[in-house]
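Q: Just one file: final30.cif, with mmCIF, C-alpha atoms.
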data_protein
loop_
_atom_site.label_atom_id
_atom_site.label_comp_id
_atom_site.auth_asym_id
_atom_site.auth_seq_id
_atom_site.Cartn_x
_atom_site.Cartn_y
_atom_site.Cartn_z
CA MET L 1 27.65 15.45 -126.08
CA PRO L 2 28.89 15.00 -122.50
CA ASN L 3 29.06 11.62 -120.77
CA SER L 4 26.36 11.06 -118.20
CA ILE L 5 28.49 11.90 -115.16
CA LEU L 6 29.65 15.20 -116.66
CA ALA L 7 26.06 15.98 -117.66
CA LEU L 8 24.81 15.39 -114.10
CA LEU L 9 27.66 17.39 -112.60
CA THR L 10 26.85 20.28 -114.93
CA ILE L 11 23.18 20.14 -113.94
CA PHE L 12 24.10 20.13 -110.24
CA GLY L 13 26.49 23.04 -110.87
CA MET L 14 23.72 25.00 -112.59
CA ALA L 15 21.35 24.18 -109.73
CA LEU L 16 23.84 25.33 -107.10
CA ALA L 17 24.65 28.54 -109.01
CA THR L 18 20.94 29.34 -109.40
CA TYR L 19 20.10 28.59 -105.77
CA LEU L 20 22.96 30.86 -104.65
CA THR L 21 21.44 33.70 -106.69
CA ARG L 22 18.08 33.02 -105.00
CA ILE L 23 19.37 33.21 -101.43
CA SER L 24 22.23 35.71 -101.79
CA GLY L 25 20.05 38.80 -102.29
CA TRP L 26 18.15 38.07 -99.08
CA TRP L 27 21.38 37.23 -97.25
CA LEU L 28 23.37 40.24 -98.51
CA MET L 29 20.62 42.66 -97.55
CA SER L 30 21.49 42.22 -93.91
CA TYR L 31 24.93 43.72 -94.67
CA VAL L 32 24.65 46.12 -97.59
CA GLN L 33 22.07 47.96 -99.61
CA PRO L 34 22.84 47.62 -103.35
CA SER L 35 23.49 50.97 -105.04
CA PRO L 36 20.95 52.08 -107.67
CA ARG L 37 23.62 51.58 -110.32
CA VAL L 38 24.20 47.93 -109.31
CA GLU L 39 20.45 47.36 -109.28
CA ALA L 40 20.15 48.86 -112.76
CA TRP L 41 22.95 46.60 -113.97
CA LEU L 42 21.40 43.42 -112.53
CA ARG L 43 18.11 44.27 -114.16
CA GLN L 44 19.76 44.65 -117.58
CA ILE L 45 21.55 41.30 -117.56
CA PRO L 46 18.90 38.79 -118.74
CA GLY L 47 17.88 40.81 -121.82
CA ALA L 48 21.47 41.58 -122.81
CA VAL L 49 22.50 37.92 -122.48
CA LEU L 50 19.56 36.74 -124.59
CA VAL L 51 20.38 39.32 -127.27
CA ALA L 52 24.01 38.16 -127.29
CA ILE L 53 22.87 34.56 -127.77
CA VAL L 54 20.60 35.20 -130.73
CA ALA L 55 22.64 37.93 -132.47
CA PRO L 56 25.02 35.63 -134.43
CA ALA L 57 22.16 33.36 -135.57
CA VAL L 58 20.08 36.36 -136.64
CA PHE L 59 22.67 38.71 -138.14
CA ALA L 60 25.70 36.60 -139.08
CA THR L 61 24.45 33.45 -140.81
CA ASN L 62 22.08 33.86 -143.76
CA VAL L 63 19.15 35.91 -145.01
CA ALA L 64 16.67 33.07 -144.40
CA GLN L 65 17.37 33.17 -140.65
CA THR L 66 17.26 36.97 -140.53
CA LEU L 67 13.83 37.00 -142.19
CA ALA L 68 12.55 34.13 -140.05
CA ALA L 69 13.70 36.04 -136.97
CA LEU L 70 11.69 39.03 -138.14
CA CYS L 71 8.57 36.82 -138.56
CA THR L 72 9.10 35.37 -135.08
CA VAL L 73 9.35 38.79 -133.44
CA ILE L 74 6.23 40.09 -135.20
CA VAL L 75 4.21 37.03 -134.14
CA ALA L 76 5.57 37.24 -130.60
CA ILE L 77 4.55 40.91 -130.30
CA TYR L 78 1.00 40.14 -131.41
CA THR L 79 0.37 36.79 -129.71
CA LYS L 80 2.66 37.12 -126.64
CA ASN L 81 2.88 33.33 -126.83
CA VAL L 82 6.25 31.56 -126.87
CA LEU L 83 4.93 28.30 -128.32
CA ILE L 84 3.10 29.91 -131.28
CA SER L 85 6.06 32.20 -131.99
CA MET L 86 8.42 29.25 -132.03
CA ILE L 87 6.23 27.24 -134.39
CA VAL L 88 5.91 30.20 -136.79
CA GLY L 89 9.67 30.91 -136.63
CA VAL L 90 10.55 27.29 -137.36
CA ALA L 91 8.02 27.08 -140.20
CA ALA L 92 9.36 30.34 -141.65
CA VAL L 93 12.98 29.19 -141.62
CA TRP L 94 12.01 25.85 -143.15
CA LEU L 95 10.08 27.56 -145.97
CA LEU L 96 12.70 30.25 -146.61
CA ARG L 97 15.48 27.68 -146.82
CA LEU L 98 13.46 25.77 -149.42
CA ILE L 99 12.94 28.78 -151.66
CA MET L 100 16.21 30.68 -151.18
CA MET C 1 1.48 35.19 -80.03
CA GLN C 2 4.24 37.72 -79.50
CA GLN C 3 3.29 40.85 -77.65
CA VAL C 4 3.43 43.99 -79.74
CA SER C 5 5.81 46.36 -78.05
CA THR C 6 6.70 49.27 -80.31
CA LEU C 7 4.79 51.71 -82.44
CA LYS C 8 6.60 50.51 -85.57
CA GLU C 9 5.46 46.96 -85.01
CA LEU C 10 1.94 48.20 -84.49
CA GLU C 11 2.06 49.91 -87.85
CA GLU C 12 3.43 46.93 -89.76
CA LYS C 13 0.83 44.24 -89.98
CA GLN C 14 2.17 40.92 -88.79
CA VAL C 15 3.24 38.61 -91.63
CA VAL C 16 1.49 35.26 -91.25
CA PHE C 17 1.82 31.84 -92.88
CA THR C 18 -1.54 30.12 -93.35
CA ARG C 19 -3.28 27.46 -95.38
CA LYS C 20 -5.55 30.15 -96.77
CA GLY C 21 -2.58 32.08 -98.11
CA LEU C 22 -1.14 28.91 -99.61
CA LEU C 23 -4.37 28.23 -101.52
CA ARG C 24 -4.69 31.84 -102.65
CA GLY C 25 -1.12 31.72 -103.99
CA MET C 26 -1.91 28.53 -105.88
CA ARG C 27 -5.12 29.88 -107.37
CA ARG C 28 -3.63 33.19 -108.51
CA THR C 29 -0.74 31.38 -110.20
CA ILE C 30 -2.74 29.04 -112.43
CA PRO C 31 -2.90 31.37 -115.51
CA LEU C 32 0.85 31.95 -115.38
CA ALA C 33 1.44 28.24 -114.79
CA ILE C 34 -0.45 27.42 -117.99
CA SER C 35 1.79 29.72 -120.01
CA GLY C 36 4.79 28.26 -118.17
CA PHE C 37 3.56 24.80 -119.11
CA THR C 38 3.69 25.59 -122.85
CA VAL C 39 7.23 26.94 -122.50
CA GLY C 40 8.17 23.79 -120.58
CA LEU C 41 6.86 21.60 -123.42
CA VAL C 42 9.16 23.47 -125.81
CA PHE C 43 12.03 23.04 -123.37
CA GLY C 44 11.47 19.28 -123.20
CA VAL C 45 11.38 18.90 -126.98
CA LEU C 46 14.57 20.95 -127.43
CA ALA C 47 16.31 19.14 -124.57
CA ARG C 48 15.86 15.86 -126.38
CA GLN C 49 17.43 17.36 -129.51
CA ALA C 50 20.36 18.63 -127.45
CA GLY C 51 20.91 15.04 -126.28
CA LEU C 52 19.60 15.10 -122.72
CA ASN C 53 17.83 11.99 -121.43
CA THR C 54 14.58 12.05 -119.49
CA LEU C 55 16.27 11.86 -116.07
CA GLU C 56 18.55 14.78 -116.94
CA VAL C 57 15.60 16.86 -118.13
CA PHE C 58 13.68 16.06 -114.94
CA LEU C 59 16.65 16.94 -112.73
CA MET C 60 17.46 20.15 -114.58
CA SER C 61 13.89 21.45 -114.45
CA ALA C 62 13.37 20.38 -110.82
CA LEU C 63 16.72 21.61 -109.46
CA VAL C 64 17.61 24.62 -111.61
CA PHE C 65 13.98 25.72 -112.11
CA ALA C 66 14.87 28.83 -114.15
CA GLY C 67 13.60 28.84 -117.74
CA ALA C 68 15.82 31.25 -119.66
CA SER C 69 19.04 29.85 -118.21
CA GLN C 70 17.93 26.29 -119.00
CA PHE C 71 17.30 27.17 -122.65
CA ILE C 72 20.71 28.81 -122.81
CA ALA C 73 22.29 25.67 -121.33
CA LEU C 74 20.67 23.58 -124.08
CA SER C 75 22.09 25.82 -126.81
CA LEU C 76 25.58 25.30 -125.31
CA TRP C 77 25.05 21.59 -124.58
CA VAL C 78 25.85 20.58 -128.18
CA LEU C 79 29.25 22.32 -128.34
CA VAL C 80 32.46 20.27 -128.52
CA PRO C 81 34.35 20.14 -126.21
CA PHE C 82 31.45 20.20 -123.75
CA PRO C 83 31.61 23.65 -122.07
CA ALA C 84 30.53 22.61 -118.54
CA LEU C 85 32.03 25.63 -116.79
CA THR C 86 30.70 28.07 -119.39
CA ILE C 87 27.22 26.62 -118.90
CA ILE C 88 27.42 26.98 -115.12
CA PHE C 89 28.91 30.48 -115.32
CA THR C 90 26.32 31.66 -117.86
CA THR C 91 23.56 30.24 -115.64
CA LEU C 92 24.93 32.25 -112.73
CA ILE C 93 25.10 35.47 -114.77
CA VAL C 94 21.61 35.12 -116.25
CA ASN C 95 20.09 34.36 -112.85
CA LEU C 96 21.77 37.22 -110.97
CA ARG C 97 18.43 39.04 -111.19
CA HIS C 98 17.22 36.69 -108.41
CA MET C 99 19.44 38.66 -106.02
CA LEU C 100 17.28 41.72 -106.49
CA MET C 101 14.10 39.71 -106.10
CA GLY C 102 15.33 38.06 -102.90
CA ALA C 103 16.49 41.39 -101.51
CA SER C 104 13.05 42.88 -102.10
CA LEU C 105 11.39 40.16 -100.01
CA ARG C 106 13.75 40.56 -97.07
CA PRO C 107 11.58 42.88 -94.91
CA TRP C 108 8.75 40.33 -94.89
CA LEU C 109 10.92 37.30 -94.25
CA SER C 110 12.66 38.54 -91.13
CA GLN C 111 10.34 36.82 -88.65
CA PHE C 112 10.63 33.33 -90.15
CA SER C 113 13.25 30.75 -89.27
CA ARG C 114 16.35 30.51 -91.44
CA ALA C 115 15.38 27.01 -92.62
CA LYS C 116 11.93 28.15 -93.68
CA VAL C 117 13.37 31.13 -95.60
CA LEU C 118 15.96 28.96 -97.34
CA ALA C 119 13.21 26.57 -98.45
CA LEU C 120 10.89 29.37 -99.58
CA LEU C 121 13.57 31.06 -101.66
CA TYR C 122 14.04 27.84 -103.64
CA LEU C 123 10.53 28.47 -104.98
CA MET C 124 11.19 32.11 -105.85
CA VAL C 125 10.93 32.31 -109.64
CA ASP C 126 10.00 35.36 -111.74
CA GLU C 127 6.29 34.52 -111.67
CA SER C 128 5.90 33.54 -108.01
CA TRP C 129 7.96 36.53 -106.92
CA ALA C 130 5.96 38.99 -109.04
CA LEU C 131 2.62 37.63 -107.79
CA THR C 132 3.77 37.63 -104.16
CA ILE C 133 5.04 41.21 -104.38
CA GLY C 134 1.75 42.14 -106.04
CA ASP C 135 -0.25 40.52 -103.25
CA PHE C 136 1.81 42.20 -100.53
CA THR C 137 1.49 45.55 -102.28
CA GLU C 138 -2.28 45.12 -102.15
CA GLY C 139 -2.04 44.57 -98.41
CA GLY C 140 -1.81 40.78 -98.20
CA ARG C 141 0.54 39.67 -95.43
CA ASP C 142 0.69 35.90 -95.90
CA MET C 143 4.07 34.43 -96.88
CA ALA C 144 2.45 31.05 -97.64
CA PHE C 145 1.31 32.79 -100.83
CA LEU C 146 4.86 32.42 -102.16
CA LEU C 147 4.91 28.74 -101.19
CA GLY C 148 1.65 28.01 -103.04
CA SER C 149 2.63 30.06 -106.06
CA GLY C 150 6.09 28.53 -106.30
CA LEU C 151 4.79 24.96 -105.92
CA VAL C 152 2.30 25.42 -108.77
CA MET C 153 5.02 26.86 -111.02
CA LEU C 154 7.40 24.04 -110.09
CA PHE C 155 4.80 21.38 -110.84
CA ALA C 156 3.89 22.97 -114.20
CA TRP C 157 7.52 23.42 -115.22
CA VAL C 158 8.79 19.95 -114.30
CA SER C 159 5.79 18.01 -115.65
CA SER C 160 5.75 19.90 -118.97
CA SER C 161 9.51 19.49 -119.46
CA VAL C 162 9.23 15.74 -119.03
CA ILE C 163 6.12 15.47 -121.23
CA GLY C 164 7.81 17.55 -123.94
CA HIS C 165 10.88 15.35 -123.77
CA ILE C 166 8.88 12.15 -124.15
CA ALA C 167 6.66 13.56 -126.93
CA GLY C 168 9.76 14.92 -128.68
CA SER C 169 10.87 11.42 -129.61
CA ALA C 170 8.54 11.68 -132.60
CA ILE C 171 10.89 14.26 -134.15
CA THR C 172 13.99 13.00 -135.95
CA ASN C 173 16.52 15.00 -137.98
CA PRO C 174 15.55 18.42 -136.56
CA ALA C 175 17.51 20.57 -139.06
CA GLN C 176 15.48 19.16 -141.93
CA TRP C 177 12.38 20.75 -140.41
CA GLY C 178 14.05 23.99 -139.40
CA LEU C 179 14.02 22.93 -135.75
CA ASP C 180 17.64 24.03 -135.29
CA PHE C 181 16.12 27.53 -135.42
CA ALA C 182 13.77 26.76 -132.51
CA PHE C 183 16.16 28.06 -129.82
CA THR C 184 16.61 31.35 -131.62
CA ALA C 185 12.84 31.67 -132.06
CA VAL C 186 12.20 30.97 -128.35
CA PHE C 187 14.79 33.52 -127.26
CA LEU C 188 13.38 36.12 -129.65
CA ALA C 189 9.91 35.53 -128.23
CA LEU C 190 11.22 35.86 -124.65
CA LEU C 191 13.02 39.07 -125.67
CA THR C 192 9.93 40.72 -127.10
CA GLY C 193 8.30 40.12 -123.71
CA MET C 194 11.23 41.86 -122.00
CA TRP C 195 11.12 44.91 -124.28
CA LYS C 196 10.32 47.91 -122.08
CA GLY C 197 10.69 50.61 -124.72
CA LYS C 198 13.40 52.82 -126.18
CA SER C 199 15.63 52.47 -123.14
CA ASN C 200 16.40 48.90 -124.27
CA LEU C 201 17.54 49.94 -127.73
CA LEU C 202 21.10 51.05 -127.02
CA PRO C 203 22.08 48.26 -124.57
CA TRP C 204 20.60 45.55 -126.81
CA ALA C 205 22.30 46.99 -129.91
CA VAL C 206 25.63 47.03 -128.06
CA ALA C 207 25.04 43.43 -126.89
CA ALA C 208 24.28 42.33 -130.48
CA VAL C 209 27.29 44.06 -132.05
CA VAL C 210 29.76 42.83 -129.42
CA ALA C 211 28.30 39.31 -129.66
CA VAL C 212 28.57 39.13 -133.45
CA ILE C 213 32.17 40.41 -133.43
CA SER C 214 33.18 38.03 -130.59
CA TYR C 215 31.42 35.14 -132.34
CA ARG C 216 33.61 35.73 -135.41
CA LEU C 217 36.86 36.19 -133.51
CA LEU C 218 36.71 33.98 -130.41
CA PRO C 219 36.13 30.26 -129.79
CA GLY C 220 33.32 28.67 -127.76
CA ALA C 221 30.64 30.70 -126.03
CA TRP C 222 32.63 33.81 -125.16
CA TYR C 223 30.34 35.84 -127.39
CA ILE C 224 27.49 35.30 -124.90
CA VAL C 225 29.46 36.46 -121.87
CA LEU C 226 31.07 39.43 -123.64
CA GLY C 227 27.89 40.55 -125.41
CA GLY C 228 25.84 40.14 -122.22
CA LEU C 229 28.32 42.11 -120.11
CA ALA C 230 28.77 44.88 -122.69
CA GLY C 231 25.01 45.25 -123.15
CA SER C 232 24.09 45.18 -119.46
CA VAL C 233 26.82 47.64 -118.45
CA THR C 234 25.72 49.97 -121.26
CA GLY C 235 22.15 49.68 -120.01
CA ALA C 236 23.13 50.41 -116.42
CA ILE C 237 25.04 53.56 -117.45
CA SER C 238 22.55 54.86 -120.01
CA ASN C 239 19.55 54.33 -117.73
CA ALA C 240 21.21 55.64 -114.57
CA LYS C 241 19.18 58.86 -114.41
#
How does this structure look as structure tokens?
A:
Amino acid sequence: MPNSILALLTIFGMALATYLTRISGWWLMSYVQPSPRVEAWLRQIPGAVLVAIVAPAVFATNVAQTLAALCTVIVAIYTKNVLISMIVGVAAVWLLRLIM
Amino acid sequence: MQQVSTLKELEEKQVVFTRKGLLRGMRRTIPLAISGFTVGLVFGVLARQAGLNTLEVFLMSALVFAGASQFIALSLWVLVPFPALTIIFTTLIVNLRHMLMGASLRPWLSQFSRAKVLALLYLMVDESWALTIGDFTEGGRDMAFLLGSGLVMLFAWVSSSVIGHIAGSAITNPAQWGLDFAFTAVFLALLTGMWKGKSNLLPWAVAAVVAVISYRLLPGAWYIVLGGLAGSVTGAISNAK
């Protein structure tokens, strides 16, 4: 865990980075028009990053987590609710770890 | 009132900034703000487990104000040594989509002062942007819509994060209850919402494979950067036509 100064600096760094992404598209547009390929790439980033984050936990740890991930996805598809999906996923992993 | 001088200006309805637009933006955003509020509660609970204090949670939600990247930061927050630069860099990468959103608003922002635009863009999040674009597509021409929408989202996000953090003190020893899996579950739920169909299959598979291999071979959070880059580049190439 970071000390409090490092934690605050990290938060300010995240805030600055995010604000730059918010203003830079508007600012850059007065100079260049992004190519369709660059646009397509930017659009793909959030999903790909999220997949990269969950992949080791889902596919490279244990069967309990893989099955719990499957439960979470099914519930998320049907409810479209992050909170309910999270509760079901956590309950599933807790149960599966008990019995496996 | 400026005098209309060219045909083009006659065709484009003047973009205004009124109290009415502000209130309409607020009203239209309430359903999305409620769903944002539940996600914020989850964020607050998980932030406590990652070791953030209430002030840090408040500052992160108020200043960063970008859900997915904040969850990712929490999942990295517990690593030793603390990967400050990785967190900031990953935040930048995940939020690059804002560039597209900001670019799309440009034609309607041109008549406002630089200071006003810089303040408005602070409130441009996925939800407020989407609703504003929707309103302008339907013929609305009031940029205060974005202000109202963004303020409602900001209020919902910050208040729910803090409430979740305070309420989360009731939970001790998270792994015992499977709560270490909560991040993964939240990300999976966010991902199912992003699924647009078969075109996602190849890029996401590439992201997963590269991430798992990097996770095994490399230290720290490189697997996120490498998997994210590999997947997004694959997506850009495979969906080019």
Q: Excluding same-chain residues fewer than 6 positions from range 143-149 of chain C, what lies within 8 Å of it counting all atoms listed in the file, as a list in words?
A: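 Contacts, in chain order: Val15, Val16, Phe17, Thr18, Arg19, Gly21, Leu22, Leu23, Arg24, Gly25, Met26, Arg27, Arg28, Thr29, Trp108, Leu109, Leu120, Leu123, Met124, Ser128, Trp129, Leu131 and Thr132 of chain C.
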Q: Set the distance at 12 Å and use only C-alpha atoms: which residues neighbour Pro107 in chain C once local chain neighbours fewer than 3 positions away are removed? I'd like the list as a list in words.
A: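 Result of the neighbour search: Gly25, Trp26, Trp27, Met29 and Ser30 of chain L; Glu12, Lys13, Gln14, Val15, Met101, Gly102, Ala103, Ser104, Ser110, Gln111, Phe112, Val117, Ile133, Phe136, Arg141 and Met143 of chain C.
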Q: Give me the residues within 8 Å of range 55-72 of chain L as a ChimeraX atom specification, counting all atoms listed in the file and dropping any in the same chain fewer than 4 places off.
A: /L:51,76,85-86,88-90,92-93,96-97,100 /C:181,184-185,188-189,208-209,211-212,215
Q: Excluding Leu226 in chain C and any residue of its chain fewer than 3 positions from it, enumerate the residues within 12 Å of it, using all atoms listed in the file, and give them as number ranges by chain.
A: L: 45, 48-53; C: 90, 93, 206-215, 217-218, 220-223, 229-233
Q: Please list as a PyMOL selection string every residue within 9 Å of Val80 in chain C, counting only C-alpha atoms and excluding residues in the same chain fewer than 3 positions away.
A: (chain L and resi 1-2) or (chain C and resi 77+83+220)
Q: Around the point (19.0, 19.2, -124.8), in the coordinates given by the file, pick out the residues reaching within 10 Å, counting only C-alpha atoms, and return them as JSON, numbers by chain.
A: {"L": [1], "C": [43, 44, 45, 46, 47, 48, 49, 50, 51, 52, 53, 54, 56, 57, 70, 71, 72, 73, 74, 75, 76, 77, 78, 165]}
Q: With the PyMOL selection byres ((chain L and resi 10) around 12) as the selection, what would be picked from this file? Answer as a VMD selection string, please.
A: (chain L and resid 2 to 9 11 to 17) or (chain C and resid 52 56 59 to 60 63 to 64 70 73 to 74 76 to 77 82 to 91)
Q: I'd like the interatomic distance between CA of Ile237 in chain C and CA of Ala40 in chain L, to a tenth of an Å.
A: 8.2 Å
Q: One decimal, Å: what's the distance from CA of Ala167 in chain C over to CA of Ile30 in chain C, could you say?
A: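 Interatomic distance, CA of Ala167 in chain C to CA of Ile30 in chain C: 23.2 Å.
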Q: Quick one: pull the distance between CA of Leu20 in chain L and CA of Trp195 in chain C, Å, one decimal.
A: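 Between CA of Leu20 in chain L and CA of Trp195 in chain C the gap is 26.9 Å.
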Q: Using only C-alpha atoms, which of the listed residues (C:Ser69, C:Ser161, C:Thr192, C:Ser61) sits closest to Val82 in chain L?
A: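 Distance minimum relative to Val82 in chain L lands on C:Thr192.
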Q: Of the residues L:Val54, L:Ile23, L:Val38, L:Ile84, which is the one nearest to Leu191 in chain C, using all atoms listed in the file?
A: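 Among L:Val54, L:Ile23, L:Val38, L:Ile84, it is L:Val54 that comes nearest to Leu191 in chain C.
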Q: Which is closest to chain L among C:Leu55, C:Val94, C:Ala33, C:Ala156, if we use only C-alpha atoms?
A: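 Nearest candidate to chain L out of C:Leu55, C:Val94, C:Ala33, C:Ala156: C:Val94.
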Q: Would you please work out which residue, of L:Leu98, L:Thr21, L:Pro34, L:Ile74, is nearest to chain C when using all atoms listed in the file?
A: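 Closest candidate: L:Thr21.
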Q: Can you work out which one of C:Pro203, C:Gly140, C:Gly164, C:Gly197 has the shortest atom-to-atom distance to Gly40 in chain C, counting only C-alpha atoms?
A: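 Ranking C:Pro203, C:Gly140, C:Gly164, C:Gly197 by distance to Gly40 in chain C, first place goes to C:Gly164.
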Q: Can you work out which one of C:Asp135, C:Asp180, C:Glu127, C:Asp142 has the shortest atom-to-atom distance to chain L, counting all atoms listed in the file?
A: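 Counting all atoms listed in the file, the residue closest to chain L is C:Asp180.
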